[in-house]
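> Below you will find the structure I want to go over with you.
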Amino acid sequence: MEQAGYAFVDILIVLAKVIVVIGINLLMVMILTLGERRIAGFIQDRYGPNRVGPQGMLQPVADGVKFFFKEEVIPSKAEKVIYVLAPALVLGPALLTFAVIPFGGPLSVVGKEIQLQIAELNVGILYIFALLSLSVYGLVLGGWASNSKYPLMGGLRSAAQMVSYEISMGLAVIGIIMITGSLRLSDVVMHQNELLFGFLPHWNIFLQPLGFIIFIVAAYAETNRVPFDLPEAEPELVGGYHTEYSSMKFASFMMGEYIALITSSALMTTLYFGGWDFPYVDESSLGIWGVLLSIIAFAVKTGFFLFLYLWVRWTLPRFRYDQLMGLGWKVMIPLALFNIIITGVVMSLL
Amino acid sequence: MAEVKDMLKTAEEYKDNFYDYVYDPKEEHILLNFGPSHPATHGTLRLVLELDGERVIKCVPDLGYLHHGFEKLGEYKSYNQAVTITDRMNYLSSFNNNLAYILAVEKLFGIEVTPRAKYFRVILAELSRISDHLVSVGTQTMDLGAFTVLLYLWRERENIYNLFESLTGTRLTLGYARVGGFARDRDIPPDFFAQTQKVLNGIPHTLDDVEKLLSGNRIWLDRTVGVGMITKEAAASYGITGPSLRAAGVPWDIRVAEPYSGYEDFDFDIAVADHGDVNDRYAVRLEEILQSIRIIKQAMENFPEGELNVDPDSKVMMPAKDKVYGSIEGLIYQFEIVMTNRGARAPKGEAYVATEAPNGELGFYIISNNGRGPYRFRVRPPSFYNYQIIPPLVEGRLLSDVVAVLSSLNIIAGELDR
């Protein structure tokens, strides 16, 4: 990517990567909507949807068709432009975030090295945080534009929550930036590609355990999942910011939420669990099989974090608003700052 | 928590109808209708909340959305027909309602049921109490976000409902008690006790799971400890009964204080907690489930022999079907009860019986004017009294606490509005 202009082939390659990544993301959303309900069923000792297709596999398709044919209800006093725009504001940034995440090792085809990453930005981490901040607008504006009380409160809750947890999330990642010395996500992955003390994978989880805990808690808050699902807390705010939304607009909010789940799981994998690195194996020596192995490693790790999301959702109760803010400002941010200090001290000693 | 005097003062303030309450738009508060159609109201309750951001400034409960006119309806039914009305009050534990009502009617008639019937009523009442507490704890946890616990408890409730179904043919509204016994001309099914034993053995395991998920959970404790605290004095002045009263530290249980239907024969503890907050009400309910299991096991072990229903010669009870078809007396008794211009008539008088329903004191006050049915039919539902304490509990707290308090008091709209 260093050369001045893209060759036609390069554009084709980027296009192919974009299509594949978006396609896989949307497919994963379908799988997740089913998986969430099946796993909930498994955890709660019941079946979950198992009627449409074998083992309910076609349930997401049925749901999608249903959403398309649902009546579109726009509240008469809604701020129409913003009301319509809000779901797109959630879905768009969520889809864009995945662009900088490397999902496999470099692939060389006929002497050309292709990075399995849509855009190899040198400020990848900053880009991700910028887009994460954008996604809050969709929720706040959607809640406000509905001109209804419960969505408004949901929107305000999400604004307060996402802004405050973004800070601790960013501070937690600073530890990694210090270790890696780069904001480029592919560098972060390459840096984790070795062995630590000769037997542990050189993953950041072992170097930054505290940072990871802060990061994962903040990521749960950023994606509005239990125990931080206050913006849509059903028994309190009916549906939260999407109470007044119906049909595909509602589905867009849902898709945005699930894509955010996928992205944050992929981010946890990339930042703390070695990205596409398969421990104890040198992927570059295996050729095409190494690339395949790296993609599988990335998928399995991301899948694990997705499962963790679902697992936590069906296990924990929900925080209260003041407790959530207290945790964010009084516990997480000091801990994240402490983590930075520790990292700095250890790095200067070594 | 406020002192008694303050509590009474707040109660005084709320005596006025909420329609008189003037909302001042200058204060920039939100006026929020919490219900009647809202996921946390589990029915049709309505709270009018004045919110400053998330903080509740004023809370005015409104009721009447599920008003059926049960009390008036009861005056047009015969004594046995009115049993089905009582089913629909606290629909989570319909047999407890049946029992309270039928005890009042039997007091009016002056009938003493057989020991077997007494014990069987205790068994069914305690099973109903367990199922009510299971749902109550389950919805409480669901409202705080722990949805899985609800379904664990729901599974146990399902087992209990299967028992009811095998016995009565219905699951939710049993309508099973009759003046003088039960709506059944045969004895209890032979494997009923074995099945009950099996169901009861499963419940403590589920409760263990629930305890593991919640009782030490930091989020759960943060959400429930110190929230919605009811002091002993406040509980007394508001007329709070049942688990909410016992959670406040008052060991008052009508099953012990004024035993009815043979409760004096059983050995069980009154579950009591100290602080009267949401977590204590949850703990008291879980403990009461275990105590109910103890009672049922004792009742099944010492189950008396003999007839289940009183003798048909007393002319209040339907004779068994084989007697109806096989003997002239049986046929006459049958018609005496079924025909609309005949039937058992209670002597003139009035009776009130208070029982310990899952939510608190459930009493039926019945006046007889020597008719086939009650002349006046009045219910003392626990939810009506428990509902009144909500404003002082939630004012000054956050919206999420309204949900926690509401579900911990287990307000059943059918019973509240009648």
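Residue numbering restarts at 1 for every chain of the structure tokens, chains are lettered A, B, ... in their displayed order, and ligands are numbered from 1 as they appear.
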Using only C-alpha atoms, which residues of chain A come within 12 Å of chain B, and what is the closest atom pair for each, with the distance in Å to one decimal? Give it as a Markdown table, sorted by chain and residue number.


```
| residue | atom | partner | partner_atom | distance |
| --- | --- | --- | --- | --- |
| A:Ile39 | CA | B:Thr148 | CA | 11.5 |
| A:Ala40 | CA | B:Thr148 | CA | 8.1 |
| A:Gly41 | CA | B:Thr148 | CA | 9.3 |
| A:Phe42 | CA | B:Thr148 | CA | 10.4 |
| A:Ile43 | CA | B:Thr148 | CA | 7.5 |
| A:Gln44 | CA | B:Thr148 | CA | 5.5 |
| A:Asp45 | CA | B:Tyr152 | CA | 7.4 |
| A:Arg46 | CA | B:Leu151 | CA | 8.5 |
| A:Tyr47 | CA | B:Leu151 | CA | 11.9 |
| A:Ser148 | CA | B:Leu32 | CA | 10.2 |
| A:Lys149 | CA | B:Leu32 | CA | 7.2 |
| A:Tyr150 | CA | B:Leu32 | CA | 8.5 |
| A:Leu152 | CA | B:Gly53 | CA | 10.5 |
| A:Met153 | CA | B:Glu54 | CA | 8.0 |
| A:Gly154 | CA | B:Glu54 | CA | 10.5 |
| A:Leu156 | CA | B:Gly53 | CA | 9.5 |
| A:Arg157 | CA | B:Glu54 | CA | 9.3 |
| A:Arg225 | CA | B:Gly145 | CA | 10.8 |
| A:Val226 | CA | B:Gly145 | CA | 7.7 |
| A:Pro227 | CA | B:Gly145 | CA | 7.7 |
| A:Phe228 | CA | B:Gly145 | CA | 9.8 |
| A:Asp229 | CA | B:Gly145 | CA | 8.8 |
| A:Leu230 | CA | B:Ser400 | CA | 9.4 |
| A:Pro231 | CA | B:Ser400 | CA | 11.8 |
| A:Glu232 | CA | B:Gly145 | CA | 11.0 |
| A:Ala233 | CA | B:Gly145 | CA | 7.8 |
| A:Glu234 | CA | B:Pro39 | CA | 6.8 |
| A:Pro235 | CA | B:Ala40 | CA | 4.6 |
| A:Glu236 | CA | B:Ser400 | CA | 6.1 |
| A:Leu237 | CA | B:His38 | CA | 8.6 |
| A:Val238 | CA | B:Pro39 | CA | 6.2 |
| A:Gly239 | CA | B:Pro39 | CA | 9.3 |
| A:Gly240 | CA | B:Pro39 | CA | 11.9 |
| A:Thr243 | CA | B:His38 | CA | 11.7 |
| A:Leu310 | CA | B:Thr148 | CA | 11.9 |
| A:Trp311 | CA | B:Thr148 | CA | 10.6 |
| A:Val312 | CA | B:Ala146 | CA | 10.1 |
| A:Arg313 | CA | B:Ala146 | CA | 8.3 |
| A:Trp314 | CA | B:Thr148 | CA | 5.8 |
| A:Thr315 | CA | B:Ala146 | CA | 6.3 |
| A:Leu316 | CA | B:Ala146 | CA | 5.5 |
| A:Pro317 | CA | B:Ala146 | CA | 4.2 |
| A:Arg318 | CA | B:Gly145 | CA | 4.9 |
| A:Phe319 | CA | B:Ile219 | CA | 6.2 |
| A:Arg320 | CA | B:Ser400 | CA | 6.2 |
| A:Tyr321 | CA | B:Ser400 | CA | 7.7 |
| A:Asp322 | CA | B:Leu398 | CA | 8.3 |
| A:Gln323 | CA | B:Asp222 | CA | 8.0 |
| A:Leu324 | CA | B:Ile219 | CA | 10.1 |
| A:Gly326 | CA | B:Asp222 | CA | 11.8 |
| A:Leu327 | CA | B:Ile219 | CA | 11.1 |
```

> Write out as a PDB file with N, CA and C atoms, in the first residue's frame each polymer residue whose atoms come within 10 Å of B:Pro36, counting only C-alpha atoms; drop sequence neighbours fewer than 5 positions from it.


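Writing done, so here's result-v1.pdb:
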```
ATOM      1  N   THR B  41     -45.088  -3.832  35.446  1.00  0.00           N
ATOM      2  CA  THR B  41     -46.246  -3.821  36.325  1.00  0.00           C
ATOM      3  C   THR B  41     -46.937  -5.178  36.372  1.00  0.00           C
ATOM      4  N   HIS B  42     -46.525  -6.112  35.536  1.00  0.00           N
ATOM      5  CA  HIS B  42     -47.037  -7.486  35.582  1.00  0.00           C
ATOM      6  C   HIS B  42     -48.547  -7.500  35.713  1.00  0.00           C
ATOM      7  N   GLY B  43     -49.212  -6.758  34.897  1.00  0.00           N
ATOM      8  CA  GLY B  43     -50.643  -6.658  35.018  1.00  0.00           C
ATOM      9  C   GLY B  43     -51.008  -5.235  34.698  1.00  0.00           C
ATOM     10  N   THR B  44     -51.890  -4.659  35.462  1.00  0.00           N
ATOM     11  CA  THR B  44     -52.353  -3.330  35.090  1.00  0.00           C
ATOM     12  C   THR B  44     -52.293  -2.392  36.277  1.00  0.00           C
ATOM     13  N   LEU B  45     -51.126  -2.246  36.832  1.00  0.00           N
ATOM     14  CA  LEU B  45     -50.936  -1.229  37.863  1.00  0.00           C
ATOM     15  C   LEU B  45     -50.559   0.064  37.170  1.00  0.00           C
ATOM     16  N   ARG B  46     -50.768   1.163  37.856  1.00  0.00           N
ATOM     17  CA  ARG B  46     -50.325   2.424  37.283  1.00  0.00           C
ATOM     18  C   ARG B  46     -49.748   3.280  38.393  1.00  0.00           C
ATOM     19  N   LEU B  47     -48.547   3.762  38.153  1.00  0.00           N
ATOM     20  CA  LEU B  47     -47.939   4.730  39.055  1.00  0.00           C
ATOM     21  C   LEU B  47     -47.717   5.994  38.240  1.00  0.00           C
ATOM     22  N   VAL B  48     -48.151   7.128  38.768  1.00  0.00           N
ATOM     23  CA  VAL B  48     -47.839   8.392  38.118  1.00  0.00           C
ATOM     24  C   VAL B  48     -46.596   8.934  38.799  1.00  0.00           C
ATOM     25  N   ASP B  62     -52.158   4.611  41.241  1.00  0.00           N
ATOM     26  CA  ASP B  62     -53.530   4.695  40.765  1.00  0.00           C
ATOM     27  C   ASP B  62     -54.001   3.265  40.580  1.00  0.00           C
ATOM     28  N   LEU B  63     -55.233   2.999  40.951  1.00  0.00           N
ATOM     29  CA  LEU B  63     -55.680   1.614  40.796  1.00  0.00           C
ATOM     30  C   LEU B  63     -57.067   1.563  40.197  1.00  0.00           C
ATOM     31  N   GLY B  64     -57.494   0.373  39.880  1.00  0.00           N
ATOM     32  CA  GLY B  64     -58.824   0.202  39.311  1.00  0.00           C
ATOM     33  C   GLY B  64     -58.793  -0.290  37.880  1.00  0.00           C
ATOM     34  N   TYR B  65     -57.599  -0.519  37.330  1.00  0.00           N
ATOM     35  CA  TYR B  65     -57.538  -0.933  35.929  1.00  0.00           C
ATOM     36  C   TYR B  65     -57.939  -2.397  35.731  1.00  0.00           C
ATOM     37  N   LEU B  66     -57.934  -3.158  36.790  1.00  0.00           N
ATOM     38  CA  LEU B  66     -58.350  -4.561  36.652  1.00  0.00           C
ATOM     39  C   LEU B  66     -59.570  -4.827  37.537  1.00  0.00           C
TER      40      LEU B  66
END
```

> Which neighbours of stretch 300-314 of chain B fall inside 9 Å, counting only C-alpha atoms, when residues of the same chain fewer than 5 positions from it are skipped, and could you give them as a list in words?

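Result of the neighbour search: Ile111, Glu112, Val113, Thr114, Pro115, Arg116, Ala117, Lys118, Tyr119, Phe120, Ile123, Val179, Gly180, Gly181, Phe182, Ala183, Arg184, Asp185, Arg186, Asp187, Ile188, Phe193, Gln197, Ile295, Pro319, Ala320, Glu329, Gly330 and Tyr333 of chain B.
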
> Using only C-alpha atoms, which residues sit within 10 Å of stretch 328-338 of chain A once same-chain residues fewer than 4 positions away are excluded, as JSON, numbers by chain?

{"A": [161, 162, 163, 164, 165, 166, 167, 168, 169, 170, 171, 172, 173, 174, 175, 210, 211, 212, 213, 214, 215, 217, 218, 221, 322, 323, 324, 342, 343, 344]}

> In terms of the shortest atom-to-atom distance over only C-alpha atoms, which of B:Glu165, B:Glu361, B:Glu415, B:Glu288 is closest to B:Pro189?

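Smallest distance to B:Pro189 is found for B:Glu165.
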
> Looking at B:Ile230, B:Leu73, B:Ala273, B:Leu406, which one is nearest to B:Arg246, with distances taken over only C-alpha atoms?

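Checking each candidate against B:Arg246, we get B:Ala273 as the closest.
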
> Nearest residue to B:Arg294 out of B:Ile270, B:Ile412, B:Ala82, B:Val105, using only C-alpha atoms?

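Closest candidate: B:Ile270.
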
> Calculate how many Å separate atom CA of B:Phe266 from atom CA of B:Ala299, rounding to one decimal.

7.6 Å

> Which neighbours of A:Leu139 fall inside 6 Å, counting only C-alpha atoms, when residues of the same chain fewer than 3 positions from it are skipped, and could you give them as JSON, numbers by chain?

{"A": [136, 142, 155]}

> Name the residues of stretch 58-293 of chain B that come out as alpha helix (DSSP H) in a backbone DSSP run; write them as JSON, numbers by chain.

{"B": [70, 71, 72, 73, 74, 83, 84, 85, 86, 87, 94, 95, 96, 97, 98, 99, 100, 101, 102, 103, 104, 105, 106, 107, 108, 109, 115, 116, 117, 118, 119, 120, 121, 122, 123, 124, 125, 126, 127, 128, 129, 130, 131, 132, 133, 134, 135, 136, 137, 138, 139, 140, 141, 142, 143, 147, 148, 149, 150, 151, 152, 153, 154, 155, 156, 157, 158, 159, 160, 161, 162, 163, 164, 165, 166, 167, 168, 192, 193, 194, 195, 196, 197, 198, 199, 200, 201, 202, 203, 204, 205, 206, 207, 208, 209, 210, 218, 219, 220, 221, 222, 223, 224, 232, 233, 234, 235, 236, 237, 238, 243, 244, 245, 246, 247, 254, 255, 256, 257, 278, 279, 280, 281, 282, 283, 284, 285, 286, 287, 288, 289, 290, 291, 292, 293]}

> When distances are computed from only C-alpha atoms, which of B:Val225, B:Ala354, B:Ala234, B:Ile57 shows the smallest separation from B:Val405?

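Result for the nearest residue to B:Val405: B:Val225.
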
> Can you measure atom CA of A:Ala145 to atom CA of A:Leu85 for me? One decimal in Å is fine.

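Computing the Euclidean distance for atom CA of A:Ala145 and atom CA of A:Leu85 yields 9.7 Å.
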
> Residues near stretch 133-135 of chain A, anyone? I mean within 12 Å using only C-alpha atoms, not counting same-chain ones fewer than 4 positions away, as a PyMOL selection string.

chain A and resi 86-97+126-129+139-142+155+158-167+169-170+222-224+253+256-257+259-260

> How far is it from atom CA of B:Pro392 to atom CA of B:Lys58, in Å with one decimal?

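Between these atoms lies a distance of 8.9 Å.
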